[in-house]
Every structure is written in C-alpha cells, then in structure tokens.
>>> print(open('entry_22.tsv').read())   # TSV, C-alpha atoms and all ligand atoms
chain	number	residue	atom	x	y	z
A	1322	MET	CA	-105.21	344.51	96.24
A	1323	ARG	CA	-106.61	341.72	94.13
A	1324	PRO	CA	-110.33	341.49	93.36
A	1325	PRO	CA	-112.02	338.90	95.64
A	1326	ALA	CA	-111.55	335.37	94.31
A	1327	ALA	CA	-114.07	332.61	93.95
A	1328	ARG	CA	-114.10	330.04	96.77
A	1329	ASN	CA	-111.29	327.53	96.45
A	1330	PRO	CA	-112.11	324.27	98.29
A	1331	GLU	CA	-108.59	322.88	97.79
A	1332	ALA	CA	-107.01	325.96	99.37
A	1333	GLU	CA	-109.54	325.83	102.23
A	1334	ARG	CA	-108.67	322.20	102.88
A	1335	MET	CA	-104.94	323.01	102.74
A	1336	VAL	CA	-105.34	325.81	105.28
A	1337	HIS	CA	-107.46	323.64	107.57
A	1338	LEU	CA	-105.24	320.55	107.57
A	1339	GLN	CA	-101.77	322.03	107.14
A	1340	LEU	CA	-101.98	325.41	108.89
A	1341	GLU	CA	-104.85	325.50	111.41
A	1342	GLN	CA	-104.00	322.08	112.81
A	1343	ARG	CA	-100.41	323.19	113.29
A	1344	ASP	CA	-99.32	326.49	114.79
A	1345	ILE	CA	-100.51	329.03	112.24
A	1346	THR	CA	-102.79	331.17	114.40
A	1347	ASP	CA	-102.69	334.46	112.45
A	1348	GLN	CA	-106.18	334.75	110.94
A	1349	ARG	CA	-105.00	337.16	108.25
A	1350	VAL	CA	-102.33	334.69	107.07
A	1351	ARG	CA	-104.91	331.88	106.96
A	1352	ALA	CA	-107.32	334.06	104.97
A	1353	ALA	CA	-104.64	335.11	102.48
A	1354	MET	CA	-103.68	331.50	101.85
A	1355	ARG	CA	-107.32	330.55	101.30
A	1356	ALA	CA	-107.59	333.37	98.77
A	1357	VAL	CA	-104.43	332.99	96.66
A	1358	PRO	CA	-104.86	330.36	93.90
A	1359	ARG	CA	-101.67	328.33	94.52
A	1360	HIS	CA	-102.31	326.01	91.54
A	1361	LEU	CA	-101.62	328.90	89.13
A	1362	PHE	CA	-98.07	329.25	90.47
A	1363	VAL	CA	-96.93	325.63	90.01
A	1364	PRO	CA	-95.97	324.31	86.56
A	1365	PRO	CA	-98.98	322.97	84.63
A	1366	GLY	CA	-97.74	319.36	84.95
A	1367	SER	CA	-97.75	319.59	88.76
A	1368	ARG	CA	-101.18	321.16	89.27
A	1369	SER	CA	-102.57	318.03	90.94
A	1370	SER	CA	-100.04	318.37	93.78
A	1371	ALA	CA	-100.26	322.17	94.09
A	1372	TYR	CA	-101.98	322.05	97.49
A	1373	ASP	CA	-100.04	319.09	98.90
A	1374	ASP	CA	-97.99	319.31	102.09
A	1375	HIS	CA	-94.56	319.61	100.42
A	1376	PRO	CA	-92.50	321.84	98.11
A	1377	VAL	CA	-93.02	321.46	94.34
A	1378	SER	CA	-90.36	321.84	91.64
A	1379	ILE	CA	-90.76	325.00	89.52
A	1380	GLY	CA	-87.81	324.37	87.16
A	1381	ARG	CA	-84.21	325.61	87.07
A	1382	GLY	CA	-83.53	323.55	90.23
A	1383	GLN	CA	-85.87	325.75	92.31
A	1384	THR	CA	-89.03	325.00	94.30
A	1385	ILE	CA	-92.24	326.64	95.44
A	1386	SER	CA	-92.04	326.32	99.22
A	1387	GLN	CA	-94.29	323.98	101.21
A	1388	PRO	CA	-97.52	325.83	102.15
A	1389	TYR	CA	-96.76	325.50	105.87
A	1390	MET	CA	-93.34	327.12	105.44
A	1391	VAL	CA	-94.86	330.03	103.49
A	1392	ALA	CA	-97.38	330.47	106.31
A	1393	LEU	CA	-94.79	330.17	109.08
A	1394	MET	CA	-92.48	332.77	107.55
A	1395	THR	CA	-95.37	335.10	106.74
A	1396	GLN	CA	-96.75	334.77	110.27
A	1397	ALA	CA	-93.30	335.58	111.69
A	1398	LEU	CA	-93.39	338.87	109.75
A	1399	GLU	CA	-96.33	340.04	111.92
A	1400	LEU	CA	-97.98	341.97	109.06
A	1401	ARG	CA	-100.80	344.33	109.99
A	1402	GLY	CA	-101.50	345.85	106.57
A	1403	ARG	CA	-99.49	349.04	106.29
A	1404	GLU	CA	-95.97	347.63	105.85
A	1405	ARG	CA	-93.56	347.98	102.95
A	1406	VAL	CA	-92.11	344.49	102.41
A	1407	LEU	CA	-88.98	343.33	100.57
A	1408	GLU	CA	-88.93	339.68	99.43
A	1409	ILE	CA	-85.76	338.01	98.15
A	1410	GLY	CA	-86.37	334.93	95.95
A	1411	THR	CA	-89.61	335.54	94.04
A	1412	GLY	CA	-89.44	332.03	92.55
A	1413	SER	CA	-92.97	331.10	91.49
A	1414	GLY	CA	-94.41	334.33	92.89
A	1415	TYR	CA	-96.74	332.46	95.26
A	1416	GLN	CA	-95.41	333.95	98.49
A	1417	THR	CA	-95.29	337.33	96.76
A	1418	ALA	CA	-99.05	337.04	96.15
A	1419	VAL	CA	-99.67	336.02	99.78
A	1420	LEU	CA	-97.63	338.99	101.03
A	1421	ALA	CA	-99.45	341.34	98.64
A	1422	GLU	CA	-102.72	340.44	100.39
A	1423	LEU	CA	-101.33	341.33	103.80
A	1424	CYS	CA	-99.29	344.53	103.49
A	1425	ALA	CA	-99.21	347.86	101.66
A	1426	ALA	CA	-96.67	346.98	98.96
A	1427	VAL	CA	-94.13	344.28	98.06
A	1428	TRP	CA	-90.77	344.66	96.33
A	1429	SER	CA	-89.55	341.22	95.22
A	1430	VAL	CA	-86.18	340.24	93.71
A	1431	GLU	CA	-85.38	337.05	91.73
A	1432	ARG	CA	-82.03	336.21	90.14
A	1433	ILE	CA	-83.27	333.81	87.43
A	1434	PRO	CA	-84.89	335.85	84.62
A	1435	GLU	CA	-87.26	333.15	83.34
A	1436	LEU	CA	-88.71	332.57	86.83
A	1437	ALA	CA	-89.08	336.32	87.38
A	1438	GLU	CA	-90.86	336.71	84.03
A	1439	ARG	CA	-93.27	333.87	84.73
A	1440	ALA	CA	-94.06	335.20	88.21
A	1441	ALA	CA	-94.62	338.68	86.80
A	1442	ARG	CA	-97.10	337.34	84.26
A	1443	ILE	CA	-99.15	335.40	86.82
A	1444	LEU	CA	-99.18	338.24	89.36
A	1445	ALA	CA	-100.33	340.67	86.65
A	1446	GLU	CA	-103.08	338.27	85.55
A	1447	LEU	CA	-104.28	338.07	89.14
A	1448	GLY	CA	-104.39	341.86	89.33
A	1449	ASP	CA	-101.80	342.25	92.08
A	1450	ASP	CA	-100.93	345.89	91.54
A	1451	ASN	CA	-99.00	346.53	94.76
A	1452	VAL	CA	-96.01	344.40	93.68
A	1453	ALA	CA	-92.76	345.55	92.07
A	1454	LEU	CA	-90.38	342.92	90.66
A	1455	ARG	CA	-86.71	343.11	89.80
A	1456	THR	CA	-84.31	340.57	88.29
A	1457	ALA	CA	-81.06	340.95	90.23
A	1458	ASP	CA	-78.95	339.59	93.09
A	1459	GLY	CA	-81.31	340.17	96.00
A	1460	SER	CA	-78.64	339.48	98.62
A	1461	ALA	CA	-77.77	343.15	98.08
A	1462	GLY	CA	-81.40	344.12	98.81
A	1463	TRP	CA	-83.11	346.96	96.93
A	1464	PRO	CA	-81.24	350.03	98.24
A	1465	GLU	CA	-83.22	352.60	96.23
A	1466	GLU	CA	-86.47	351.59	97.96
A	1467	ALA	CA	-85.06	351.09	101.48
A	1468	PRO	CA	-85.85	351.16	104.33
A	1469	PHE	CA	-88.33	348.29	104.52
A	1470	ASP	CA	-90.61	347.46	107.46
A	1471	ARG	CA	-90.25	343.77	106.75
A	1472	ILE	CA	-87.81	341.64	104.74
A	1473	VAL	CA	-88.23	337.94	103.94
A	1474	VAL	CA	-85.68	335.75	102.18
A	1475	THR	CA	-86.88	332.42	100.75
A	1476	ALA	CA	-83.43	330.97	100.01
A	1477	ALA	CA	-80.81	329.92	102.57
A	1478	ALA	CA	-77.95	332.32	103.30
A	1479	PRO	CA	-74.58	331.38	104.83
A	1480	SER	CA	-75.11	334.16	107.40
A	1481	VAL	CA	-77.46	337.12	107.80
A	1482	PRO	CA	-76.66	339.39	104.80
A	1483	ALA	CA	-75.42	342.76	106.11
A	1484	PRO	CA	-77.05	344.78	103.27
A	1485	LEU	CA	-80.47	343.45	104.28
A	1486	VAL	CA	-79.99	344.37	107.94
A	1487	SER	CA	-78.94	347.87	106.89
A	1488	GLN	CA	-82.13	348.21	104.77
A	1489	LEU	CA	-84.41	347.23	107.67
A	1490	ALA	CA	-86.46	350.10	109.15
A	1491	ASP	CA	-86.65	350.73	112.88
A	1492	ASN	CA	-89.15	348.29	114.45
A	1493	GLY	CA	-88.48	346.17	111.36
A	1494	VAL	CA	-88.42	342.37	111.13
A	1495	LEU	CA	-86.25	340.24	108.81
A	1496	VAL	CA	-87.03	336.52	108.43
A	1497	LEU	CA	-84.67	334.17	106.60
A	1498	PRO	CA	-83.20	330.66	106.59
A	1499	VAL	CA	-79.52	330.57	107.58
A	1500	GLY	CA	-77.13	327.66	107.30
A	1501	ASP	CA	-75.35	325.30	104.98
A	1502	TRP	CA	-77.78	324.75	102.15
A	1503	ARG	CA	-76.78	321.10	101.81
A	1504	ARG	CA	-77.35	320.34	105.51
A	1505	ALA	CA	-78.79	322.03	108.57
A	1506	GLN	CA	-80.53	325.36	108.24
A	1507	GLU	CA	-82.73	327.21	110.66
A	1508	LEU	CA	-85.15	330.08	110.36
A	1509	VAL	CA	-83.71	333.23	111.88
A	1510	ILE	CA	-85.73	336.28	112.93
A	1511	VAL	CA	-83.80	339.56	113.05
A	1512	ARG	CA	-85.39	342.63	114.68
A	1513	ARG	CA	-84.26	346.22	114.71
A	1514	THR	CA	-85.61	348.00	117.78
A	1515	ALA	CA	-84.50	351.53	118.71
A	1516	GLY	CA	-81.44	351.03	116.52
A	1517	ALA	CA	-80.36	347.79	118.24
A	1518	VAL	CA	-80.39	344.55	116.24
A	1519	SER	CA	-81.43	341.25	117.88
A	1520	VAL	CA	-81.24	337.78	116.35
A	1521	GLU	CA	-83.56	334.92	117.35
A	1522	ARG	CA	-83.14	331.35	116.10
A	1523	SER	CA	-86.30	329.45	115.22
A	1524	VAL	CA	-87.15	326.07	113.65
A	1525	GLY	CA	-85.04	323.88	111.38
A	1526	CYS	CA	-85.79	324.08	107.66
A	1527	ARG	CA	-84.47	323.27	104.20
A	1528	PHE	CA	-84.27	325.82	101.38
A	1529	VAL	CA	-82.38	326.18	98.10
A	1530	PRO	CA	-79.27	328.39	98.38
A	1531	LEU	CA	-79.23	332.17	98.22
A	1532	ILE	CA	-76.66	332.80	95.50
A	1533	GLY	CA	-75.00	336.20	95.35
A	1534	SER	CA	-72.61	338.74	96.78
A	1535	ALA	CA	-73.92	338.28	100.34
A	1536	GLY	CA	-74.94	334.66	99.75
A	1537	PHE	CA	-73.19	331.54	98.41
A	1538	PRO	CA	-70.92	331.77	95.36
A	1539	ASP	CA	-72.48	330.63	92.09
A	1540	THR	CA	-69.90	327.85	91.74
A	1541	ASP	CA	-70.70	326.27	95.14
A	1542	ARG	CA	-73.38	323.89	93.78
B	1	LIG	N1	-90.94	331.96	97.65
B	1	LIG	C1	-90.64	331.20	96.49
B	1	LIG	C2	-89.42	330.34	96.76
B	1	LIG	C3	-88.64	330.05	95.56
B	1	LIG	S1	-87.16	329.12	95.85
B	1	LIG	C4	-91.81	330.33	96.12
B	1	LIG	O1	-92.51	329.88	97.02
B	1	LIG	O2	-92.03	330.09	94.94
B	1	LIG	C5	-85.99	330.44	96.14
B	1	LIG	C6	-85.75	331.38	95.00
B	1	LIG	O3	-84.68	332.24	95.38
B	1	LIG	C7	-85.33	330.72	93.70
B	1	LIG	O4	-86.21	331.10	92.68
B	1	LIG	C8	-83.92	331.26	93.44
B	1	LIG	O5	-83.61	331.46	92.09
B	1	LIG	C9	-83.97	332.57	94.20
B	1	LIG	N2	-82.67	333.15	94.58
B	1	LIG	C10	-81.55	332.52	95.00
B	1	LIG	N3	-80.57	333.42	95.23
B	1	LIG	C11	-81.09	334.65	94.95
B	1	LIG	C12	-80.58	335.97	95.01
B	1	LIG	N4	-79.33	336.25	95.40
B	1	LIG	N5	-81.40	336.99	94.65
B	1	LIG	C13	-82.67	336.76	94.24
B	1	LIG	N6	-83.21	335.52	94.17
B	1	LIG	C14	-82.44	334.47	94.53
>>> encode(input="entry_22.tsv", output="structure tokens", more="lines below")
Ligand code: SAH
Amino acid sequence: MRPPAARNPEAERMVHLQLEQRDITDQRVRAAMRAVPRHLFVPPGSRSSAYDDHPVSIGRGQTISQPYMVALMTQALELRGRERVLEIGTGSGYQTAVLAELCAAVWSVERIPELAERAARILAELGDDNVALRTADGSAGWPEEAPFDRIVVTAAAPSVPAPLVSQLADNGVLVLPVGDWRRAQELVIVRRTAGAVSVERSVGCRFVPLIGSAGFPDTDR
C-alpha cells in the first residue's frame, strides 16, 4: 500500500469526465484512479496530455492505455482487496499501480527490459511494496507464483493463452484483449468456476500485440 497522496485535481477531473460519466461504477476503481499520479508514468515530454482521454506513447512502439480502458479492465476484474493478481504487459507501470491499490499483491511481467526498468523505478519511488516485476515473455504466465485469483493482459493475444488459463485459481477471472492486433479485437472475460472455464466476449478495443510463445511471433510486425 502506498502512503496517501496529495489531492490531484487533474486525476479527479479525469475520473469525473471519463469514468463516472461512462459506465465505471466501481467506487474502489474510481478512488484508485484519483489516487495514482498518472503523469509520473508518461514520458516527461507528454506530461501535458497524461490525463487526456486517449493512449499516450511510452516509447519502443508501446503505449500507456487510455484511462477509460484501464478502468474498464480493472472493473471487470471485480477486485475486493484480498486477491493475488498477475498482470501481463507492465508497460509504463500505471495499471500496475492502480491494481496495487485494489488487491493484496501484483505480479507483473514485461518483455521489454527498458520499460520494465523504468516502471520498477517509478513504482518504487511511489512506495508500492506489494508489486513484483519480472522481465520475460508473460504469455507463459508466472508458473512459480500460480495460481492467481485474477489475471489481466494489456496486449492483444491471437487467442486466449492456455498457460494463463491453467494458472487461474478457482473462482478466478482473466481479462484480456483477443484478436488480430492490426484490426478487430475485443475484450474477453474468462472465468473458472468449480473447475469449468467460461468465456464471455465484451467490447471492441485496440491494443498493441502480445508477443511471445502463446502470443504473436516477434516477426509478425
Ligand atoms: N498497462 C500498460 C500497457 C502497456 S502496452 C500501461 O498502461 O502502461 C502493452 C505492453 O505489453 C507493452 O509494454 C509490451 O511490451 C508488453 N508485452 C507485449 N507482449 C508481451 C509479453 N509476451 N510478455 C510481457 N509483456 C508483453
């Protein structure tokens, strides 16, 4: 848990206009996104658009997701505070920080070392001590720490990666974008209930590709 932050009028405005006025009803998600200083996670040259209603480039062809999409995916995880959460695609570390506010502990995997290092630095500066980071192909999950109560993937997979489903605890929820990363993708919500796995299709979206053994090949770009 991070020490309480000073009030952040830009984050409050973002939550009001982009989340409350849409369909983000989870009060804990709204509070977490008021509390996490998003401007610290965007590159210094993009600080003025940190709270805008769109993704922002973070280098290496990657983006920090639009605030609404972070909120929508986080809300779909139905976090109550005691969950162990696996995140694939640390990127800037912003969603990692939001998750860290809302659950017991986060394990987050990023394949690009320089992004992982930058995220680690910012999360440490903020005092997020319930986060573990790894630089690896996250499409294989984090088997040593499985099972996870929740798993979220912030890059688009060609199909639901089997290793992630197998690392999902009973009553667990997995949220990820699935589809051709150049064209149509949709958010998919996978649940494991009494051993049975169900798959629900949700809204359309657009994410960078998940690249790895259970994702797209590295050459497919
Ligand atoms: N939640 C992040 C989104 C970053 S974009 C944010 O808001 O900042 C998606 C990230 O997924 C990119 O940083 C990309 O490098 C990473 N990624 C893609 N394939 C991956 C894989 N197989 N394992 C781990 N990270 C991956």
>>> residues_around(input="entry_22.tsv", residues="A:Gln1387", least_positions_apart="5", cutoff="9 Å", atoms="all atoms listed in the file", output="PyMOL selection string")
chain A and resi 1372-1377+1392
>>> residues_near_ligand(input="entry_22.tsv", ligand="ligand LIG 1 (chain B)", cutoff="8 Å", atoms="all atoms listed in the file", output="PyMOL selection string")
chain A and resi 1362+1379+1381+1383-1387+1391+1409-1417+1430-1433+1436-1437+1456-1461+1474-1476+1528-1536
>>> closest_atom_pairs(input="entry_22.tsv", of="stretch 1404-1488 of chain A", to="stretch 1348-1352 of chain A", cutoff="12 Å", atoms="all atoms listed in the file", output="JSON lines")
{"residue": "A:Gln1416", "atom": "CA", "partner": "A:Val1350", "partner_atom": "CA", "distance": 11.0}
{"residue": "A:Ala1418", "atom": "CA", "partner": "A:Val1350", "partner_atom": "CA", "distance": 11.6}
{"residue": "A:Val1419", "atom": "CA", "partner": "A:Val1350", "partner_atom": "CA", "distance": 7.9}
{"residue": "A:Leu1420", "atom": "CA", "partner": "A:Val1350", "partner_atom": "CA", "distance": 8.8}
{"residue": "A:Ala1421", "atom": "CA", "partner": "A:Val1350", "partner_atom": "CA", "distance": 11.1}
{"residue": "A:Glu1422", "atom": "CA", "partner": "A:Arg1349", "partner_atom": "CA", "distance": 8.8}
{"residue": "A:Leu1423", "atom": "CA", "partner": "A:Arg1349", "partner_atom": "CA", "distance": 7.1}
{"residue": "A:Cys1424", "atom": "CA", "partner": "A:Arg1349", "partner_atom": "CA", "distance": 10.5}
>>> residues_around(input="entry_22.tsv", residues="stretch 1487-1490 of chain A", least_positions_apart="6", cutoff="10 Å", atoms="only C-alpha atoms", output="PyMOL selection string")
chain A and resi 1405-1407+1461-1472+1511-1516+1518
>>> atom_distance(input="entry_22.tsv", atom1="atom CA of A:Pro1479", atom2="atom CA of A:Phe1537")
6.6 Å
>>> residues_around(input="entry_22.tsv", residues="A:Ser1523", least_positions_apart="5", cutoff="9 Å", atoms="all atoms listed in the file", output="mmCIF file with C-alpha atoms, in the coordinates of the input")
data_model
loop_
_atom_site.group_PDB
_atom_site.id
_atom_site.type_symbol
_atom_site.label_atom_id
_atom_site.label_comp_id
_atom_site.auth_asym_id
_atom_site.auth_seq_id
_atom_site.Cartn_x
_atom_site.Cartn_y
_atom_site.Cartn_z
ATOM 1 C CA GLU A 1507 -82.730 327.210 110.660
ATOM 2 C CA LEU A 1508 -85.150 330.080 110.360
ATOM 3 C CA VAL A 1509 -83.710 333.230 111.880
ATOM 4 C CA ILE A 1510 -85.730 336.280 112.930
#
>>> atom_distance(input="entry_22.tsv", atom1="atom CA of A:Ala1478", atom2="atom CA of A:Val1499")
4.9 Å
>>> closest_residue(input="entry_22.tsv", among="A:Val1427, A:Leu1400, A:Met1394, A:Ile1443", to="A:Leu1497", atoms="all atoms listed in the file")
A:Met1394
>>> atom_distance(input="entry_22.tsv", atom1="atom CA of A:Met1354", atom2="atom CA of A:Ser1370")
15.8 Å
>>> closest_residue(input="entry_22.tsv", among="A:Val1486, A:Leu1340, A:Val1494, A:Ala1332", to="A:Glu1404", atoms="only C-alpha atoms")
A:Val1494
>>> decode(input="entry_22.tsv", residues="stretch 1416-1451 of chain A", atoms="N, CA and C atoms", output="CSV table (one decimal), in the first residue's frame")
chain,number,residue,atom,x,y,z
A,1416,GLN,N,-1.1,0.9,-14.9
A,1416,GLN,CA,-2.1,-0.1,-14.4
A,1416,GLN,C,-1.7,-0.9,-13.2
A,1417,THR,N,-0.4,-1.2,-13.2
A,1417,THR,CA,0.2,-2.0,-12.1
A,1417,THR,C,-0.1,-1.2,-10.8
A,1418,ALA,N,0.2,0.1,-10.8
A,1418,ALA,CA,-0.1,1.0,-9.6
A,1418,ALA,C,-1.5,1.0,-9.2
A,1419,VAL,N,-2.4,1.0,-10.2
A,1419,VAL,CA,-3.9,1.0,-10.0
A,1419,VAL,C,-4.2,-0.3,-9.3
A,1420,LEU,N,-3.8,-1.4,-9.9
A,1420,LEU,CA,-4.1,-2.7,-9.3
A,1420,LEU,C,-3.5,-2.8,-7.9
A,1421,ALA,N,-2.3,-2.3,-7.7
A,1421,ALA,CA,-1.7,-2.4,-6.3
A,1421,ALA,C,-2.5,-1.8,-5.3
A,1422,GLU,N,-3.3,-0.8,-5.6
A,1422,GLU,CA,-4.2,-0.1,-4.7
A,1422,GLU,C,-5.4,-1.0,-4.3
A,1423,LEU,N,-5.7,-1.9,-5.2
A,1423,LEU,CA,-7.1,-2.6,-5.1
A,1423,LEU,C,-7.0,-4.1,-4.7
A,1424,CYS,N,-5.8,-4.6,-4.6
A,1424,CYS,CA,-5.7,-6.1,-4.3
A,1424,CYS,C,-4.6,-6.3,-3.3
A,1425,ALA,N,-4.3,-7.6,-2.9
A,1425,ALA,CA,-3.3,-7.9,-1.9
A,1425,ALA,C,-1.9,-7.7,-2.5
A,1426,ALA,N,-1.7,-8.3,-3.7
A,1426,ALA,CA,-0.3,-8.2,-4.3
A,1426,ALA,C,-0.4,-8.4,-5.8
A,1427,VAL,N,0.5,-7.8,-6.6
A,1427,VAL,CA,0.5,-7.8,-8.0
A,1427,VAL,C,1.9,-8.4,-8.5
A,1428,TRP,N,1.8,-9.4,-9.4
A,1428,TRP,CA,3.0,-9.9,-10.1
A,1428,TRP,C,2.8,-9.4,-11.6
A,1429,SER,N,3.8,-8.6,-12.1
A,1429,SER,CA,3.6,-8.0,-13.4
A,1429,SER,C,4.8,-8.4,-14.3
A,1430,VAL,N,4.5,-8.8,-15.5
A,1430,VAL,CA,5.6,-9.2,-16.5
A,1430,VAL,C,5.6,-8.3,-17.7
A,1431,GLU,N,6.8,-7.9,-18.1
A,1431,GLU,CA,7.0,-7.0,-19.2
A,1431,GLU,C,8.2,-7.6,-20.1
A,1432,ARG,N,8.0,-7.6,-21.4
A,1432,ARG,CA,9.1,-8.3,-22.2
A,1432,ARG,C,10.2,-7.3,-22.6
A,1433,ILE,N,10.0,-6.0,-22.5
A,1433,ILE,CA,11.0,-5.0,-23.0
A,1433,ILE,C,11.7,-4.5,-21.7
A,1434,PRO,N,13.0,-4.9,-21.6
A,1434,PRO,CA,13.7,-4.5,-20.3
A,1434,PRO,C,13.7,-3.1,-20.0
A,1435,GLU,N,13.9,-2.2,-21.0
A,1435,GLU,CA,13.9,-0.7,-20.6
A,1435,GLU,C,12.6,-0.2,-20.0
A,1436,LEU,N,11.5,-0.7,-20.5
A,1436,LEU,CA,10.2,-0.3,-20.0
A,1436,LEU,C,10.0,-0.9,-18.6
A,1437,ALA,N,10.4,-2.2,-18.4
A,1437,ALA,CA,10.3,-2.8,-17.1
A,1437,ALA,C,11.1,-2.1,-16.0
A,1438,GLU,N,12.3,-1.6,-16.5
A,1438,GLU,CA,13.2,-0.9,-15.5
A,1438,GLU,C,12.6,0.4,-15.1
A,1439,ARG,N,12.1,1.1,-16.1
A,1439,ARG,CA,11.5,2.4,-15.8
A,1439,ARG,C,10.3,2.3,-14.9
A,1440,ALA,N,9.4,1.3,-15.2
A,1440,ALA,CA,8.3,1.1,-14.4
A,1440,ALA,C,8.7,0.7,-12.9
A,1441,ALA,N,9.7,-0.1,-12.8
A,1441,ALA,CA,10.2,-0.5,-11.5
A,1441,ALA,C,10.6,0.7,-10.7
A,1442,ARG,N,11.3,1.6,-11.3
A,1442,ARG,CA,11.8,2.8,-10.7
A,1442,ARG,C,10.7,3.7,-10.1
A,1443,ILE,N,9.7,3.9,-11.0
A,1443,ILE,CA,8.6,4.8,-10.6
A,1443,ILE,C,7.7,4.1,-9.5
A,1444,LEU,N,7.5,2.8,-9.6
A,1444,LEU,CA,6.7,2.1,-8.6
A,1444,LEU,C,7.4,2.1,-7.3
A,1445,ALA,N,8.7,2.0,-7.3
A,1445,ALA,CA,9.5,2.0,-6.0
A,1445,ALA,C,9.4,3.4,-5.4
A,1446,GLU,N,9.6,4.5,-6.3
A,1446,GLU,CA,9.5,5.8,-5.8
A,1446,GLU,C,8.2,6.1,-5.1
A,1447,LEU,N,7.1,5.5,-5.7
A,1447,LEU,CA,5.8,5.8,-5.1
A,1447,LEU,C,5.5,4.9,-3.8
A,1448,GLY,N,6.4,4.0,-3.6
A,1448,GLY,CA,6.3,3.2,-2.4
A,1448,GLY,C,5.4,2.0,-2.5
A,1449,ASP,N,5.1,1.6,-3.8
A,1449,ASP,CA,4.3,0.4,-4.0
A,1449,ASP,C,5.1,-0.8,-3.6
A,1450,ASP,N,4.8,-1.4,-2.5
A,1450,ASP,CA,5.7,-2.5,-2.0
A,1450,ASP,C,5.0,-3.9,-2.1
A,1451,ASN,N,3.8,-3.9,-2.7
A,1451,ASN,CA,3.1,-5.2,-2.9
A,1451,ASN,C,3.1,-5.6,-4.4
